[in-house]
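**Student:** Pasting in a structure now, in structure tokens, and then I'll have a few things to ask.
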Amino acid sequence: MSNEVVNVNFNQLPTVGLSVNSEIFQAVAKSNQFLERIQLYTKGAAIDNGLIAPGRYGVPHSEDSIQDLGNEIDIMPFCCRVKALDMSDRDNIITNYDPLTEVFSSIKERGDTPNSGCMYGPTFLVFERNTGQFYEFFCGTSSTRKEAPKIGAFLPKSPEDAEKLSLALNRRVNSEPESCTLRVKYIKKPTYGWHVPVCSSCSTPLTNLPKMEVIIEEINKFMALKNSEIEKVEEDPNAKKRAR
């Protein structure tokens with residue numbers, strides 16, 4: 001058997017099949033993944049471990065990997081819903097989207113207590129310019145909740161709501177969704193400080209938005225997210241409630 005090296009010219013290969021850059025490929029590849037989130041980092045283990053600097057927006061991919069988006073990002077919000085999140089037990093995280101339930105009310109009440117592991121507030125489906133991806137942006141702290149109405153002003157809205165917002169904000173508000181810019185501000189108190197988001201109009205239009213059918217699909221998936229299911233394990237009388 002000959003050991004002679006055969007030179008192959010791969011330039012002759014036909015380019016067929018689905019392109020990895022196509023929207024269809026990207027949609028299918030991500031179809032089983034949960035929606036990633038953007039968060040503003042100010043303190044905590046991620047900063048202590050050098051994964052990201054304080055005052056930066058980031059996308060956490062895993063416990064040891066955060067994509068740094070910088071201290072200023074351009075987004076377009078497409079829809080919003082309320083959310084309560086209980087992370088006091090990291091093995092049984094509870095998510096609830098119904099403010100009329102006892103679970104939501106309980107998380108909300110504890111969310112006003114420091115270091116409770118509970119958060120509540122509006123959460124947005126947003127498209128981010130530089131990554132060209134959809135994310136969740138959860139305004140679950142007191143600082144982010146204060147900025148949530150400004151982000152909400154850039155959502156799609158009815159003509160009636162657009163007119164009311166125009167009067168309230170003293171600027172022209174369109175019915176169509178608009179892009180906005182999230183910057184960072186440092187709030188300093190005598191003994192501590194933290195970073196907060198600041199929302200303002202975006203002067204540069206987003207030119208890399210996906211097709212309308214992709215946007216609608218993402219909106220439908222975001223609005224279809226369900227509450228965690230809380231159930232009692234009857235076989236074990238000492239078992240705690242858990243979230244699936």
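Residue numbering restarts at 1 in every chain; chains get A, B, ... in the order shown in the structure tokens, and ligands count up from 1 in that same order.
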List every residue of stretch 110-171 of chain A that DSSP, applied to the backbone, labels as helix (DSSP H, G or I), and write the result as a PyMOL selection string.

**Tutor:** chain A and resi 110-111+142-152+159-169

**Student:** Using only C-alpha atoms, determine which residues lie at most 9 Å from A:Gln39, disregarding the query and same-chain residues fewer than 2 positions distant; provide the list as a list in words.

**Tutor:**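 Residues meeting the cut-off are Arg37, Tyr41, Arg56, Tyr57, Gly58, Val59, Pro60, Glu136, Phe137 and Phe138 of chain A.
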
**Student:** Pull N, CA, C and O atoms from the residues just selected and write them as an mmCIF file, in the first residue's frame.

**Tutor:**
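result_23.cif, written as the output of this step:
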```
data_model
loop_
_atom_site.group_PDB
_atom_site.id
_atom_site.type_symbol
_atom_site.label_atom_id
_atom_site.label_comp_id
_atom_site.auth_asym_id
_atom_site.auth_seq_id
_atom_site.Cartn_x
_atom_site.Cartn_y
_atom_site.Cartn_z
ATOM 1 N N ARG A 37 -29.629 35.613 29.324
ATOM 2 C CA ARG A 37 -29.983 36.891 29.929
ATOM 3 C C ARG A 37 -28.802 37.858 29.898
ATOM 4 O O ARG A 37 -27.634 37.453 29.890
ATOM 5 N N TYR A 41 -23.419 43.797 36.140
ATOM 6 C CA TYR A 41 -22.624 43.291 37.261
ATOM 7 C C TYR A 41 -22.068 44.450 38.072
ATOM 8 O O TYR A 41 -21.542 45.412 37.520
ATOM 9 N N ARG A 56 -20.222 46.526 34.282
ATOM 10 C CA ARG A 56 -20.256 46.019 32.905
ATOM 11 C C ARG A 56 -21.499 45.158 32.725
ATOM 12 O O ARG A 56 -21.938 44.449 33.622
ATOM 13 N N TYR A 57 -22.081 45.232 31.527
ATOM 14 C CA TYR A 57 -23.150 44.316 31.153
ATOM 15 C C TYR A 57 -22.538 43.022 30.646
ATOM 16 O O TYR A 57 -21.535 43.047 29.914
ATOM 17 N N GLY A 58 -23.134 41.906 31.029
ATOM 18 C CA GLY A 58 -22.589 40.627 30.609
ATOM 19 C C GLY A 58 -23.667 39.585 30.394
ATOM 20 O O GLY A 58 -24.790 39.707 30.899
ATOM 21 N N VAL A 59 -23.303 38.557 29.640
ATOM 22 C CA VAL A 59 -24.184 37.408 29.404
ATOM 23 C C VAL A 59 -23.528 36.193 30.049
ATOM 24 O O VAL A 59 -22.496 35.719 29.575
ATOM 25 N N PRO A 60 -24.072 35.672 31.150
ATOM 26 C CA PRO A 60 -23.475 34.499 31.793
ATOM 27 C C PRO A 60 -23.791 33.225 31.013
ATOM 28 O O PRO A 60 -24.956 32.848 30.875
ATOM 29 N N GLU A 136 -33.107 37.970 27.735
ATOM 30 C CA GLU A 136 -33.981 38.484 28.780
ATOM 31 C C GLU A 136 -33.211 39.542 29.566
ATOM 32 O O GLU A 136 -32.032 39.368 29.870
ATOM 33 N N PHE A 137 -33.876 40.640 29.888
ATOM 34 C CA PHE A 137 -33.306 41.638 30.796
ATOM 35 C C PHE A 137 -34.296 41.826 31.929
ATOM 36 O O PHE A 137 -35.368 42.409 31.750
ATOM 37 N N PHE A 138 -33.932 41.314 33.098
ATOM 38 C CA PHE A 138 -34.822 41.250 34.251
ATOM 39 C C PHE A 138 -34.544 42.419 35.186
ATOM 40 O O PHE A 138 -33.436 42.567 35.701
#
```

**Student:** What gap, in Å, lies between atom CA of A:Thr144 and atom CA of A:Val184?

**Tutor:**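 Atom CA of A:Thr144 sits 11.1 Å away from atom CA of A:Val184.
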
**Student:** Write out as an MDAnalysis selection string the set of residues from stretch 35-195 of chain A that DSSP, computed on the backbone, places in strand (DSSP E or B).

**Tutor:** chainID A and resid 37 39:41 56:62 65:70 73:86 94:96 118:128 133:138 180:188 193:195

**Student:** Can you tell me which residues surround A:Ile216 at a distance of at most 12 Å, considering only C-alpha atoms, apart from same-chain residues fewer than 4 positions away, and format the answer as a JSON list (two decimals) with N, CA, C and O atoms, in the first residue's frame?

**Tutor:**
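Below is the file that was written, result06.json:
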```
[["chain", "number", "residue", "atom", "x", "y", "z"],
["A", 78, "PHE", "N", -39.00, 44.09, 22.93],
["A", 78, "PHE", "CA", -40.15, 43.65, 22.13],
["A", 78, "PHE", "C", -41.37, 43.29, 22.95],
["A", 78, "PHE", "O", -42.49, 43.39, 22.46],
["A", 79, "CYS", "N", -41.17, 42.84, 24.18],
["A", 79, "CYS", "CA", -42.32, 42.55, 25.04],
["A", 79, "CYS", "C", -41.85, 42.49, 26.48],
["A", 79, "CYS", "O", -40.65, 42.44, 26.76],
["A", 125, "LEU", "N", -38.04, 41.01, 26.93],
["A", 125, "LEU", "CA", -37.37, 40.34, 25.82],
["A", 125, "LEU", "C", -36.73, 41.43, 24.97],
["A", 125, "LEU", "O", -37.43, 42.31, 24.45],
["A", 134, "PHE", "N", -31.24, 37.62, 20.90],
["A", 134, "PHE", "CA", -32.31, 37.94, 21.84],
["A", 134, "PHE", "C", -31.90, 37.51, 23.25],
["A", 134, "PHE", "O", -31.28, 36.46, 23.44],
["A", 210, "PRO", "N", -33.47, 40.55, 12.90],
["A", 210, "PRO", "CA", -33.86, 39.38, 12.10],
["A", 210, "PRO", "C", -35.19, 39.62, 11.39],
["A", 210, "PRO", "O", -35.84, 40.65, 11.58],
["A", 211, "LYS", "N", -35.60, 38.64, 10.61],
["A", 211, "LYS", "CA", -36.87, 38.75, 9.89],
["A", 211, "LYS", "C", -38.04, 38.75, 10.88],
["A", 211, "LYS", "O", -37.93, 38.26, 12.00],
["A", 212, "MET", "N", -39.16, 39.30, 10.42],
["A", 212, "MET", "CA", -40.32, 39.46, 11.29],
["A", 212, "MET", "C", -40.79, 38.13, 11.86],
["A", 212, "MET", "O", -41.17, 38.04, 13.04],
["A", 220, "ASN", "N", -43.37, 34.91, 21.05],
["A", 220, "ASN", "CA", -44.29, 33.86, 21.46],
["A", 220, "ASN", "C", -43.65, 32.92, 22.48],
["A", 220, "ASN", "O", -44.30, 32.51, 23.46],
["A", 221, "LYS", "N", -42.38, 32.57, 22.27],
["A", 221, "LYS", "CA", -41.69, 31.69, 23.20],
["A", 221, "LYS", "C", -41.50, 32.37, 24.55],
["A", 221, "LYS", "O", -41.65, 31.73, 25.60],
["A", 222, "PHE", "N", -41.17, 33.65, 24.52],
["A", 222, "PHE", "CA", -40.95, 34.39, 25.77],
["A", 222, "PHE", "C", -42.24, 34.49, 26.57],
["A", 222, "PHE", "O", -42.25, 34.28, 27.79],
["A", 223, "MET", "N", -43.34, 34.78, 25.90],
["A", 223, "MET", "CA", -44.61, 34.92, 26.60],
["A", 223, "MET", "C", -45.20, 33.59, 27.03],
["A", 223, "MET", "O", -46.10, 33.54, 27.88]]
```

**Student:** Which residues are close to A:Phe154, i.e. within 7 Å by only C-alpha atoms, leaving aside same-chain residues fewer than 4 positions away? Reply as a tab-separated table (two decimals) with all heavy atoms, in the first residue's frame.

**Tutor:**
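Printed below is out.tsv as written:
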```tsv
chain	number	residue	atom	x	y	z
A	77	PRO	N	-36.42	46.53	22.97
A	77	PRO	CA	-37.32	45.67	23.71
A	77	PRO	C	-38.57	45.34	22.88
A	77	PRO	O	-39.12	46.22	22.21
A	77	PRO	CB	-37.68	46.52	24.93
A	77	PRO	CG	-37.55	47.93	24.45
A	77	PRO	CD	-36.49	47.93	23.39
A	177	PRO	N	-41.80	49.48	18.10
A	177	PRO	CA	-40.68	49.38	19.05
A	177	PRO	C	-39.53	50.27	18.59
A	177	PRO	O	-39.32	50.46	17.40
A	177	PRO	CB	-40.31	47.89	19.00
A	177	PRO	CG	-40.79	47.41	17.67
A	177	PRO	CD	-42.03	48.20	17.39
A	178	GLU	N	-38.79	50.80	19.56
A	178	GLU	CA	-37.66	51.67	19.27
A	178	GLU	C	-36.42	51.15	19.99
A	178	GLU	O	-36.53	50.55	21.07
A	178	GLU	CB	-37.95	53.10	19.71
A	178	GLU	CG	-39.16	53.74	19.03
A	178	GLU	CD	-39.45	55.11	19.61
A	178	GLU	OE1	-40.21	55.18	20.60
A	178	GLU	OE2	-38.92	56.09	19.08
A	179	SER	N	-35.28	51.43	19.42
A	179	SER	CA	-34.03	51.04	20.07
A	179	SER	C	-33.70	52.04	21.17
A	179	SER	O	-34.05	53.22	21.10
A	179	SER	CB	-32.89	50.97	19.06
A	179	SER	OG	-32.73	52.20	18.38
A	180	CYS	N	-33.03	51.56	22.21
A	180	CYS	CA	-32.60	52.42	23.30
A	180	CYS	C	-31.20	52.00	23.74
A	180	CYS	O	-30.72	50.91	23.39
A	180	CYS	CB	-33.57	52.37	24.48
A	180	CYS	SG	-33.84	50.73	25.19
```

**Student:** I want to know what sits within 7 Å of stretch 101-114 of chain A, based on only C-alpha atoms, with residues of the same chain fewer than 6 positions away left out; could you give that as a list in words?

**Tutor:**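 So the residues in contact are Ala84, Leu85, Asp86 and Tyr120 of chain A.
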
**Student:** Using only C-alpha atoms, can you tell me which of A:Ala53, A:Cys80, A:Ala224, A:Ile75 comes closest to A:Lys157?

**Tutor:**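 Using only C-alpha atoms, A:Lys157 sits closest to A:Cys80.
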
**Student:** Which neighbours of A:Ala153 fall inside 9 Å, counting only C-alpha atoms, when residues of the same chain fewer than 3 positions from it are skipped, and could you give them as a JSON list (two decimals) with N, CA and C atoms, in the first residue's frame?

**Tutor:**
```json
[["chain", "number", "residue", "atom", "x", "y", "z"],
["A", 148, "ALA", "N", -37.08, 50.56, 34.79],
["A", 148, "ALA", "CA", -37.92, 49.75, 33.92],
["A", 148, "ALA", "C", -38.95, 50.56, 33.13],
["A", 149, "PRO", "N", -39.62, 51.58, 33.72],
["A", 149, "PRO", "CA", -40.57, 52.36, 32.92],
["A", 149, "PRO", "C", -39.93, 53.05, 31.72],
["A", 150, "LYS", "N", -38.69, 53.48, 31.86],
["A", 150, "LYS", "CA", -38.00, 54.11, 30.74],
["A", 150, "LYS", "C", -37.74, 53.10, 29.62],
["A", 156, "PRO", "N", -43.22, 48.00, 21.75],
["A", 156, "PRO", "CA", -44.38, 48.21, 20.87],
["A", 156, "PRO", "C", -45.59, 48.57, 21.74],
["A", 157, "LYS", "N", -46.45, 49.44, 21.24],
["A", 157, "LYS", "CA", -47.57, 49.89, 22.06],
["A", 157, "LYS", "C", -48.75, 50.30, 21.18],
["A", 162, "ALA", "N", -49.26, 55.11, 23.14],
["A", 162, "ALA", "CA", -48.20, 55.95, 22.59],
["A", 162, "ALA", "C", -48.50, 57.43, 22.84],
["A", 165, "LEU", "N", -47.96, 58.23, 26.58],
["A", 165, "LEU", "CA", -46.55, 58.30, 26.90],
["A", 165, "LEU", "C", -45.91, 59.57, 26.34],
["A", 169, "LEU", "N", -43.88, 61.84, 28.86],
["A", 169, "LEU", "CA", -42.44, 61.98, 28.69],
["A", 169, "LEU", "C", -42.04, 63.27, 27.98],
["A", 173, "VAL", "N", -43.52, 59.66, 21.12],
["A", 173, "VAL", "CA", -43.37, 58.22, 21.32],
["A", 173, "VAL", "C", -44.12, 57.50, 20.22],
["A", 177, "PRO", "N", -41.80, 49.48, 18.10],
["A", 177, "PRO", "CA", -40.68, 49.38, 19.05],
["A", 177, "PRO", "C", -39.53, 50.27, 18.59],
["A", 178, "GLU", "N", -38.79, 50.80, 19.56],
["A", 178, "GLU", "CA", -37.66, 51.67, 19.27],
["A", 178, "GLU", "C", -36.42, 51.15, 19.99]]
```

**Student:** For the atom pair atom CA of A:Gly140 and atom CA of A:Ile187, what is the interatomic distance in Å to one decimal place?

**Tutor:**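 We find that atom CA of A:Gly140 and atom CA of A:Ile187 lie 17.4 Å from each other.
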
**Student:** Rank nothing, just name the residue among A:Ser228, A:Gly193, A:Glu218, A:Gly70 nearest to A:Lys43, using only C-alpha atoms.

**Tutor:** A:Gly193

**Student:** Just checking: using only C-alpha atoms, which residue out of A:Pro122, A:Thr131, A:Tyr97, A:Ile73 ends up closest to A:Cys202?

**Tutor:** A:Ile73
